[in-house]
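Q: This is protein-v4.pdb, which holds PDB, C-alpha atoms, pLDDT in the B column:
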```pdb
ATOM      1  CA  MET V   1      24.532 -13.345 -24.151  1.00 43.00           C
ATOM      2  CA  LYS V   2      24.627 -10.666 -26.852  1.00 42.00           C
ATOM      3  CA  SER V   3      21.814  -8.724 -25.129  1.00 42.00           C
ATOM      4  CA  PHE V   4      23.691  -8.885 -21.805  1.00 36.00           C
ATOM      5  CA  LYS V   5      26.850  -7.456 -23.419  1.00 36.00           C
ATOM      6  CA  LYS V   6      24.814  -4.609 -24.937  1.00 35.00           C
ATOM      7  CA  ARG V   7      23.368  -3.753 -21.512  1.00 36.00           C
ATOM      8  CA  ILE V   8      26.814  -3.736 -19.915  1.00 34.00           C
ATOM      9  CA  LEU V   9      28.162  -1.520 -22.724  1.00 34.00           C
ATOM     10  CA  ALA V  10      25.196   0.871 -22.446  1.00 37.00           C
ATOM     11  CA  ALA V  11      25.622   1.137 -18.663  1.00 36.00           C
ATOM     12  CA  GLY V  12      29.342   1.802 -19.064  1.00 37.00           C
ATOM     13  CA  LEU V  13      28.740   4.495 -21.666  1.00 32.00           C
ATOM     14  CA  ALA V  14      26.091   6.173 -19.510  1.00 35.00           C
ATOM     15  CA  LEU V  15      28.507   6.186 -16.567  1.00 35.00           C
ATOM     16  CA  ALA V  16      31.261   7.659 -18.720  1.00 33.00           C
ATOM     17  CA  VAL V  17      28.950  10.423 -19.947  1.00 33.00           C
ATOM     18  CA  VAL V  18      27.863  11.334 -16.411  1.00 37.00           C
ATOM     19  CA  ALA V  19      31.462  11.368 -15.194  1.00 36.00           C
ATOM     20  CA  SER V  20      32.734  13.599 -17.981  1.00 35.00           C
ATOM     21  CA  ILE V  21      30.069  16.242 -18.635  1.00 38.00           C
ATOM     22  CA  GLY V  22      31.878  19.557 -19.061  1.00 43.00           C
ATOM     23  CA  GLY V  23      35.101  18.116 -17.658  1.00 41.00           C
ATOM     24  CA  ALA V  24      33.655  18.240 -14.124  1.00 45.00           C
ATOM     25  CA  THR V  25      32.355  15.536 -11.864  1.00 46.00           C
ATOM     26  CA  VAL V  26      28.587  15.408 -11.869  1.00 49.00           C
ATOM     27  CA  PHE V  27      26.540  13.813  -9.132  1.00 51.00           C
ATOM     28  CA  ALA V  28      22.921  13.121  -9.941  1.00 53.00           C
ATOM     29  CA  SER V  29      20.707  12.019  -7.122  1.00 51.00           C
ATOM     30  CA  ILE V  30      17.169  11.499  -8.298  1.00 49.00           C
ATOM     31  CA  TYR V  31      15.736   9.869  -5.215  1.00 47.00           C
ATOM     32  CA  SER V  32      12.156  11.057  -5.410  1.00 51.00           C
ATOM     33  CA  PRO V  33       9.711  11.230  -3.885  1.00 62.00           C
ATOM     34  CA  GLN V  34      10.433  13.381  -0.841  1.00 74.00           C
ATOM     35  CA  THR V  35      14.080  13.385   0.310  1.00 76.00           C
ATOM     36  CA  THR V  36      17.299  12.980  -1.651  1.00 71.00           C
ATOM     37  CA  ASP V  37      19.701  10.126  -1.219  1.00 70.00           C
ATOM     38  CA  PRO V  38      22.519  11.229   1.152  1.00 72.00           C
ATOM     39  CA  SER V  39      25.476  12.530  -0.879  1.00 84.00           C
ATOM     40  CA  THR V  40      28.874  14.048  -0.164  1.00 87.00           C
ATOM     41  CA  ILE V  41      30.552  16.861  -2.125  1.00 88.00           C
ATOM     42  CA  CYS V  42      34.100  17.908  -1.183  1.00 87.00           C
ATOM     43  CA  GLY V  43      33.769  16.106   2.152  1.00 88.00           C
ATOM     44  CA  TYR V  44      30.485  17.716   3.254  1.00 91.00           C
ATOM     45  CA  GLY V  45      26.969  16.302   3.188  1.00 91.00           C
ATOM     46  CA  VAL V  46      24.325  17.664   0.826  1.00 92.00           C
ATOM     47  CA  THR V  47      20.621  16.945   0.897  1.00 92.00           C
ATOM     48  CA  GLY V  48      17.357  18.187  -0.542  1.00 94.00           C
ATOM     49  CA  LYS V  49      13.773  17.810   0.597  1.00 94.00           C
ATOM     50  CA  SER V  50      10.223  18.746  -0.418  1.00 96.00           C
ATOM     51  CA  ASP V  51       7.313  18.613   2.020  1.00 95.00           C
ATOM     52  CA  VAL V  52       3.646  19.572   1.613  1.00 95.00           C
ATOM     53  CA  LYS V  53       0.878  19.764   4.212  1.00 93.00           C
ATOM     54  CA  TYR V  54      -2.809  20.719   3.988  1.00 90.00           C
ATOM     55  CA  ASN V  55      -2.128  24.477   3.765  1.00 92.00           C
ATOM     56  CA  THR V  56       1.668  24.887   3.552  1.00 94.00           C
ATOM     57  CA  ALA V  57       4.660  23.521   1.672  1.00 96.00           C
ATOM     58  CA  TYR V  58       8.425  23.992   1.730  1.00 97.00           C
ATOM     59  CA  ALA V  59      11.561  22.740   0.046  1.00 97.00           C
ATOM     60  CA  TYR V  60      15.238  23.134   0.820  1.00 96.00           C
ATOM     61  CA  THR V  61      18.726  22.240  -0.309  1.00 95.00           C
ATOM     62  CA  SER V  62      21.269  22.051   2.500  1.00 94.00           C
ATOM     63  CA  TYR V  63      25.080  21.734   2.436  1.00 94.00           C
ATOM     64  CA  GLY V  64      27.415  21.160   5.379  1.00 93.00           C
ATOM     65  CA  GLY V  65      30.123  23.504   4.075  1.00 93.00           C
ATOM     66  CA  TYR V  66      30.289  26.588   1.892  1.00 94.00           C
ATOM     67  CA  ALA V  67      29.617  26.067  -1.808  1.00 95.00           C
ATOM     68  CA  ASP V  68      29.872  28.262  -4.892  1.00 95.00           C
ATOM     69  CA  THR V  69      26.108  27.897  -5.383  1.00 95.00           C
ATOM     70  CA  VAL V  70      23.326  26.137  -3.485  1.00 97.00           C
ATOM     71  CA  SER V  71      19.822  26.530  -4.892  1.00 97.00           C
ATOM     72  CA  VAL V  72      16.300  25.190  -4.917  1.00 97.00           C
ATOM     73  CA  GLU V  73      13.475  25.814  -7.380  1.00 98.00           C
ATOM     74  CA  SER V  74      10.016  24.552  -6.493  1.00 98.00           C
ATOM     75  CA  THR V  75       6.630  24.404  -8.138  1.00 98.00           C
ATOM     76  CA  TYR V  76       3.671  24.294  -5.779  1.00 97.00           C
ATOM     77  CA  ILE V  77       0.212  23.242  -6.941  1.00 97.00           C
ATOM     78  CA  TYR V  78      -2.933  23.909  -4.952  1.00 96.00           C
ATOM     79  CA  TYR V  79      -6.666  23.724  -5.522  1.00 96.00           C
ATOM     80  CA  ASP V  80      -8.875  26.797  -5.220  1.00 95.00           C
ATOM     81  CA  ASN V  81     -12.020  25.381  -3.580  1.00 94.00           C
ATOM     82  CA  VAL V  82     -13.997  28.588  -4.151  1.00 93.00           C
ATOM     83  CA  HIS V  83     -13.452  28.805  -7.935  1.00 94.00           C
ATOM     84  CA  GLY V  84     -12.905  25.080  -8.576  1.00 96.00           C
ATOM     85  CA  ILE V  85      -9.510  25.444 -10.335  1.00 97.00           C
ATOM     86  CA  ARG V  86      -5.939  24.297  -9.841  1.00 97.00           C
ATOM     87  CA  LYS V  87      -3.293  26.979  -9.436  1.00 97.00           C
ATOM     88  CA  THR V  88       0.500  26.866  -9.691  1.00 97.00           C
ATOM     89  CA  GLU V  89       3.177  28.956  -8.029  1.00 97.00           C
ATOM     90  CA  THR V  90       6.963  28.742  -8.551  1.00 98.00           C
ATOM     91  CA  LYS V  91       9.724  30.063  -6.298  1.00 98.00           C
ATOM     92  CA  ARG V  92      13.533  29.997  -6.437  1.00 97.00           C
ATOM     93  CA  ASN V  93      16.183  30.693  -3.833  1.00 97.00           C
ATOM     94  CA  GLY V  94      19.952  30.362  -3.701  1.00 95.00           C
ATOM     95  CA  HIS V  95      22.884  30.967  -1.371  1.00 92.00           C
ATOM     96  CA  TYR V  96      26.292  29.555  -0.412  1.00 91.00           C
ATOM     97  CA  ARG V  97      25.226  27.073   2.240  1.00 93.00           C
ATOM     98  CA  SER V  98      21.504  26.421   2.048  1.00 95.00           C
ATOM     99  CA  ALA V  99      18.430  27.513   0.139  1.00 97.00           C
ATOM    100  CA  ARG V 100      14.788  27.300   1.190  1.00 97.00           C
ATOM    101  CA  VAL V 101      11.416  28.248  -0.278  1.00 98.00           C
ATOM    102  CA  GLU V 102       8.082  28.271   1.518  1.00 98.00           C
ATOM    103  CA  PHE V 103       4.503  28.428   0.314  1.00 98.00           C
ATOM    104  CA  THR V 104       1.279  29.189   2.173  1.00 96.00           C
ATOM    105  CA  VAL V 105      -1.977  28.314   0.511  1.00 93.00           C
ATOM    106  CA  PRO V 106      -4.487  31.183   0.244  1.00 92.00           C
ATOM    107  CA  ALA V 107      -7.729  31.001   2.243  1.00 94.00           C
ATOM    108  CA  GLY V 108     -10.280  28.670   0.696  1.00 94.00           C
ATOM    109  CA  CYS V 109      -7.595  26.545  -1.013  1.00 95.00           C
ATOM    110  CA  THR V 110      -5.982  23.152  -0.404  1.00 95.00           C
ATOM    111  CA  SER V 111      -2.419  21.998  -1.137  1.00 96.00           C
ATOM    112  CA  ILE V 112      -1.974  19.365  -3.833  1.00 96.00           C
ATOM    113  CA  SER V 113       1.773  18.894  -4.389  1.00 96.00           C
ATOM    114  CA  ILE V 114       5.276  20.359  -4.501  1.00 96.00           C
ATOM    115  CA  SER V 115       8.072  19.344  -6.876  1.00 96.00           C
ATOM    116  CA  SER V 116      11.597  20.690  -6.529  1.00 97.00           C
ATOM    117  CA  ASN V 117      14.939  20.809  -8.320  1.00 96.00           C
ATOM    118  CA  HIS V 118      17.985  20.996  -6.056  1.00 96.00           C
ATOM    119  CA  TYR V 119      21.414  22.135  -7.246  1.00 96.00           C
ATOM    120  CA  LEU V 120      24.869  22.562  -5.723  1.00 95.00           C
ATOM    121  CA  SER V 121      28.156  23.642  -7.283  1.00 94.00           C
ATOM    122  CA  LYS V 122      31.488  23.502  -5.428  1.00 93.00           C
ATOM    123  CA  GLY V 123      35.006  23.549  -6.818  1.00 89.00           C
ATOM    124  CA  GLY V 124      34.087  22.130 -10.222  1.00 88.00           C
ATOM    125  CA  GLN V 125      31.793  19.448  -8.802  1.00 90.00           C
ATOM    126  CA  ARG V 126      28.058  19.612  -9.374  1.00 91.00           C
ATOM    127  CA  TRP V 127      25.156  17.889  -7.683  1.00 93.00           C
ATOM    128  CA  TYR V 128      21.536  17.825  -8.887  1.00 92.00           C
ATOM    129  CA  ALA V 129      18.463  16.159  -7.442  1.00 93.00           C
ATOM    130  CA  GLU V 130      14.699  16.174  -7.797  1.00 93.00           C
ATOM    131  CA  THR V 131      12.169  15.692  -5.003  1.00 94.00           C
ATOM    132  CA  TYR V 132       8.377  15.534  -4.863  1.00 94.00           C
ATOM    133  CA  ASP V 133       5.650  15.328  -2.246  1.00 95.00           C
ATOM    134  CA  ASN V 134       1.852  15.327  -2.473  1.00 93.00           C
ATOM    135  CA  ASN V 135      -0.955  15.933  -0.016  1.00 87.00           C
ATOM    136  CA  GLN V 136      -2.590  12.519   0.072  1.00 76.00           C
ATOM    137  CA  ALA V 137      -4.444  11.573   3.218  1.00 53.00           C
TER     138      ALA V 137
END
```
What does this structure look like when you write it as structure tokens?
A:
Amino acid sequence: MKSFKKRILAAGLALAVVASIGGATVFASIYSPQTTDPSTICGYGVTGKSDVKYNTAYAYTSYGGYADTVSVESTYIYYDNVHGIRKTETKRNGHYRSARVEFTVPAGCTSISISSNHYLSKGGQRWYAETYDNNQA
């Protein structure tokens, strides 16, 4: 019974911390691997996605209204078949409604994975999510 009470207290404290960071409401949606859990900020839907194929990859953060900031930052990993090494590339993009980054693998290379951080800020509310996808057959 004592262990159960500790778990309830810990969960309540974690919820209180998330709800009060910086005096603003914080929404964290870490619904990896590929697409975020549907969320709503100020009455509009927000989502994030990462997708990788054999020779391309993309990620986006999309919002149904206009936000203060909408951004995506992605790290793309691919394998250079010619030189036998893994390579990494990172891109960022931001706007008021949606943000998207795209990658094209160089000739002689194969996509491995993409991991992305998605962020939205609107009227004091913040939303953050992480997504991931890999090129497994």
Q: Name the residues in contact with V:Tyr66 at a cut-off of 8 Å, using all atoms listed in the file, excluding same-chain residues fewer than 2 positions from it; report them as a VMD selection string.
A: chain V and resid 63 to 64 68 96 to 97
Q: Given 4 Å on each side, where is the centre and what are the edge lengths in Å to one decimal of the axis-aligned box enclosing the listed atoms of stretch 51-70 of chain V, as AutoDock Vina command-line options?
A:
```
--center_x 13.7 --center_y 23.4 --center_z 0.0 --size_x 41.1 --size_y 17.6 --size_z 18.8
```
Q: In Å, rounded to a single decimal, give me how far atom CA of V:Thr88 is from atom CA of V:Ser62.
A: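 Distance between the two atoms: 24.6 Å.
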Q: Expand the PyMOL selection byres ((chain V and resi 100) around 9) into the explicit residue set it covers here, and present it as a PDB file with C-alpha atoms, in the coordinates of the input.
A:
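Result written to selection-v8.pdb:
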```
ATOM      1  CA  TYR V  58       8.425  23.992   1.730  1.00 97.00           C
ATOM      2  CA  ALA V  59      11.561  22.740   0.046  1.00 97.00           C
ATOM      3  CA  TYR V  60      15.238  23.134   0.820  1.00 96.00           C
ATOM      4  CA  THR V  61      18.726  22.240  -0.309  1.00 95.00           C
ATOM      5  CA  SER V  62      21.269  22.051   2.500  1.00 94.00           C
ATOM      6  CA  SER V  71      19.822  26.530  -4.892  1.00 97.00           C
ATOM      7  CA  VAL V  72      16.300  25.190  -4.917  1.00 97.00           C
ATOM      8  CA  GLU V  73      13.475  25.814  -7.380  1.00 98.00           C
ATOM      9  CA  ARG V  92      13.533  29.997  -6.437  1.00 97.00           C
ATOM     10  CA  ASN V  93      16.183  30.693  -3.833  1.00 97.00           C
ATOM     11  CA  GLY V  94      19.952  30.362  -3.701  1.00 95.00           C
ATOM     12  CA  SER V  98      21.504  26.421   2.048  1.00 95.00           C
ATOM     13  CA  ALA V  99      18.430  27.513   0.139  1.00 97.00           C
ATOM     14  CA  VAL V 101      11.416  28.248  -0.278  1.00 98.00           C
ATOM     15  CA  GLU V 102       8.082  28.271   1.518  1.00 98.00           C
TER      16      GLU V 102
END
```
Q: Do you have the atom CA of V:Cys42-atom CA of V:Thr69 distance handy?
A: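 Computed distance, atom CA of V:Cys42 to atom CA of V:Thr69, equals 13.5 Å.
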Q: Give me, please, the distance in Å between atom CA of V:Glu130 and atom CA of V:Arg86, quoted to one decimal.
A: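 About the pair atom CA of V:Glu130 and atom CA of V:Arg86: they are 22.3 Å apart.
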Q: Run the PyMOL selection byres ((chain V and resi 136) around 10) mentally over the shown coordinates, then write out the matched residues as a PyMOL selection string, using the chain letters and numbers from the document.
A: chain V and resi 52-54+111-113+133-135+137
Q: Out of V:Thr47, V:Thr110, V:Gly65, V:Ser116, which residue has the shortest atom-to-atom distance to V:Gly84 when counting only C-alpha atoms?
A: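 Under the stated criterion, the closest residue is V:Thr110.
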Q: From the set V:Ile41, V:Phe103, V:Asp80, V:Ala57, which residue has the shortest atom-to-atom contact distance to V:Gly124, counting only C-alpha atoms?
A: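 Of all the options, V:Ile41 lies closest to V:Gly124.
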Q: Evaluate the PyMOL selection byres ((chain V and resi 115) around 6) against this structure - the residues, as JSON, numbers by chain, please.
A: {"V": [74, 75, 114, 116, 131, 132]}
Q: For the residues selected in the previous step, produce a file with C-alpha atoms as a CSV table (one decimal), in the coordinates of the input.
A:
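Dumped to again.csv:
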```
chain,number,residue,atom,x,y,z
V,74,SER,CA,10.0,24.6,-6.5
V,75,THR,CA,6.6,24.4,-8.1
V,114,ILE,CA,5.3,20.4,-4.5
V,116,SER,CA,11.6,20.7,-6.5
V,131,THR,CA,12.2,15.7,-5.0
V,132,TYR,CA,8.4,15.5,-4.9
```
